[in-house]
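Presented below is the structure to which this report refers.
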Amino acid sequence: MAETTKNRRSAARGRGSKEAVAKRRAARELNSLLGKSRTADHKLDGRTEKRRRRLFQELLEGRNGEPLKPIDVVSHTDELLQLGESFASLRKAGVKPRKIALDESIVASIEKTQAAYSFKPASWKILGVSIDENGSVVAKSRRKRSSK
């Protein structure tokens with residue numbers, strides 16, 4: 001069966017090959033570094049800003065009315081940290097860290113997940129877990145507050 005003109009056009013409307021996407025990203029980076037907006041280094045492009053807002057919104061409200069799964073919470077936090085947000089700015093925006101009780105199976109699962117995904121260790125703070133640079137869960141010691 002012969003391919004119609006409409007089918008050829010719709011097939012060509014994709015984002016392009018991986019090489020083309022890489023070229024566009026490289027060109028965008030070059031333009032942002034050497035372009036007129038050099039003074040606004042911290043400013044994100046429109047798509048990245050929309051993505052940042054969506055990640056914040058999903059951390060606060062969940063996705064499709066359902067709360068995010070723990071892996072999604074950690075990955076969203078990791079993406080936001082990579083975009084330049086701080087953990088303090090997450091808390092300031094209303095994202096509350098979850099408290100989880102750690103047992104051996106949860107610790108083993110967290111360490112396996114960290115080994116597989118290589119999240120920033122600070123990303124796990126959103127679940128109330130401290131991880132060292134090696135990917136091992138660090139037991140929290142409660143600090144005693146000194147009385148004044």
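In the structure tokens, chains take letters A, B, ... by order of appearance, with residues numbered from 1 within each chain and ligands from 1 in the order shown.
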Exercise: Asp78 of chain A partners within 10 Å, only C-alpha atoms, chain neighbours under 2 positions left out, as a ChimeraX atom specification | /A:72-76,80-83,85,87,118-124,126
May I have the selected residues written with N, CA and C atoms, as an mmCIF file, in the first residue's frame?
```cif
data_model
loop_
_atom_site.group_PDB
_atom_site.id
_atom_site.type_symbol
_atom_site.label_atom_id
_atom_site.label_comp_id
_atom_site.auth_asym_id
_atom_site.auth_seq_id
_atom_site.Cartn_x
_atom_site.Cartn_y
_atom_site.Cartn_z
ATOM 1 N N ASP A 72 9.268 8.623 43.302
ATOM 2 C CA ASP A 72 8.966 9.854 42.574
ATOM 3 C C ASP A 72 9.294 11.080 43.416
ATOM 4 N N VAL A 73 9.034 10.992 44.714
ATOM 5 C CA VAL A 73 9.347 12.110 45.605
ATOM 6 C C VAL A 73 10.849 12.371 45.595
ATOM 7 N N VAL A 74 11.630 11.303 45.719
ATOM 8 C CA VAL A 74 13.092 11.459 45.735
ATOM 9 C C VAL A 74 13.595 11.943 44.376
ATOM 10 N N SER A 75 13.053 11.407 43.281
ATOM 11 C CA SER A 75 13.531 11.826 41.955
ATOM 12 C C SER A 75 13.146 13.275 41.660
ATOM 13 N N HIS A 76 11.931 13.699 42.065
ATOM 14 C CA HIS A 76 11.542 15.100 41.876
ATOM 15 C C HIS A 76 12.463 16.014 42.680
ATOM 16 N N LEU A 80 15.000 18.887 41.211
ATOM 17 C CA LEU A 80 14.950 20.281 41.660
ATOM 18 C C LEU A 80 16.301 20.728 42.218
ATOM 19 N N LEU A 81 16.978 19.844 42.939
ATOM 20 C CA LEU A 81 18.310 20.188 43.446
ATOM 21 C C LEU A 81 19.287 20.391 42.297
ATOM 22 N N GLN A 82 19.151 19.605 41.232
ATOM 23 C CA GLN A 82 20.021 19.771 40.073
ATOM 24 C C GLN A 82 19.715 21.056 39.318
ATOM 25 N N LEU A 83 18.477 21.539 39.429
ATOM 26 C CA LEU A 83 18.107 22.800 38.780
ATOM 27 C C LEU A 83 18.531 24.011 39.602
ATOM 28 N N GLU A 85 17.765 24.513 43.026
ATOM 29 C CA GLU A 85 16.980 24.764 44.231
ATOM 30 C C GLU A 85 17.745 24.220 45.430
ATOM 31 N N PHE A 87 17.373 22.706 49.559
ATOM 32 C CA PHE A 87 16.382 22.005 50.369
ATOM 33 C C PHE A 87 15.573 23.002 51.189
ATOM 34 N N SER A 118 21.801 6.769 41.676
ATOM 35 C CA SER A 118 22.839 7.773 41.986
ATOM 36 C C SER A 118 22.245 9.161 42.223
ATOM 37 N N PHE A 119 21.217 9.236 43.074
ATOM 38 C CA PHE A 119 20.651 10.521 43.445
ATOM 39 C C PHE A 119 21.659 11.296 44.278
ATOM 40 N N LYS A 120 21.489 12.617 44.336
ATOM 41 C CA LYS A 120 22.288 13.401 45.268
ATOM 42 C C LYS A 120 21.900 12.968 46.682
ATOM 43 N N PRO A 121 22.874 12.822 47.573
ATOM 44 C CA PRO A 121 22.528 12.394 48.936
ATOM 45 C C PRO A 121 21.513 13.315 49.621
ATOM 46 N N ALA A 122 21.528 14.594 49.296
ATOM 47 C CA ALA A 122 20.579 15.527 49.910
ATOM 48 C C ALA A 122 19.143 15.257 49.477
ATOM 49 N N SER A 123 18.951 14.553 48.374
ATOM 50 C CA SER A 123 17.601 14.258 47.887
ATOM 51 C C SER A 123 16.834 13.362 48.847
ATOM 52 N N TRP A 124 17.546 12.544 49.582
ATOM 53 C CA TRP A 124 16.893 11.612 50.495
ATOM 54 C C TRP A 124 16.382 12.298 51.753
ATOM 55 N N ILE A 126 14.218 14.422 51.940
ATOM 56 C CA ILE A 126 12.773 14.597 51.798
ATOM 57 C C ILE A 126 12.017 13.428 52.436
#
```
Distance criterion (only C-alpha atoms): nearest to Ser130 of chain A out of A:Ser17, A:Ser86, A:Thr48, A:Gln114 = A:Gln114
Per-residue DSSP, segment 44-137 of chain A, filtered to strand (DSSP E or B), as a PyMOL selection string = chain A and resi 63+66+130-131+137
Once you have the residues from the selection above, write them out as a compact mmCIF listing (two decimals), in the first residue's frame, restricted to C-alpha atoms.
```txt
# COMPACT_ATOMS: atom_id res chain seq x y z
CA ARG A 63 -0.12 13.59 40.41
CA GLU A 66 -2.83 10.61 43.95
CA SER A 130 20.55 10.70 55.66
CA ILE A 131 22.90 9.11 53.14
CA VAL A 137 22.27 5.12 55.13
```
Between A:Asp45, A:Gln57, A:Asn134, A:Gly84, single out the one closest to Lys112 of chain A, counting only C-alpha atoms.
-> A:Asn134
Find, counting only C-alpha atoms, the residue in A:Glu104, A:Arg53, A:Ile110, A:Leu68 that gets nearest to Leu90 of chain A.
-> A:Arg53
Could you state the separation of atom CA of Val107 of chain A and atom CA of Val95 of chain A in Å, given to one decimal place?
-> 23.2 Å
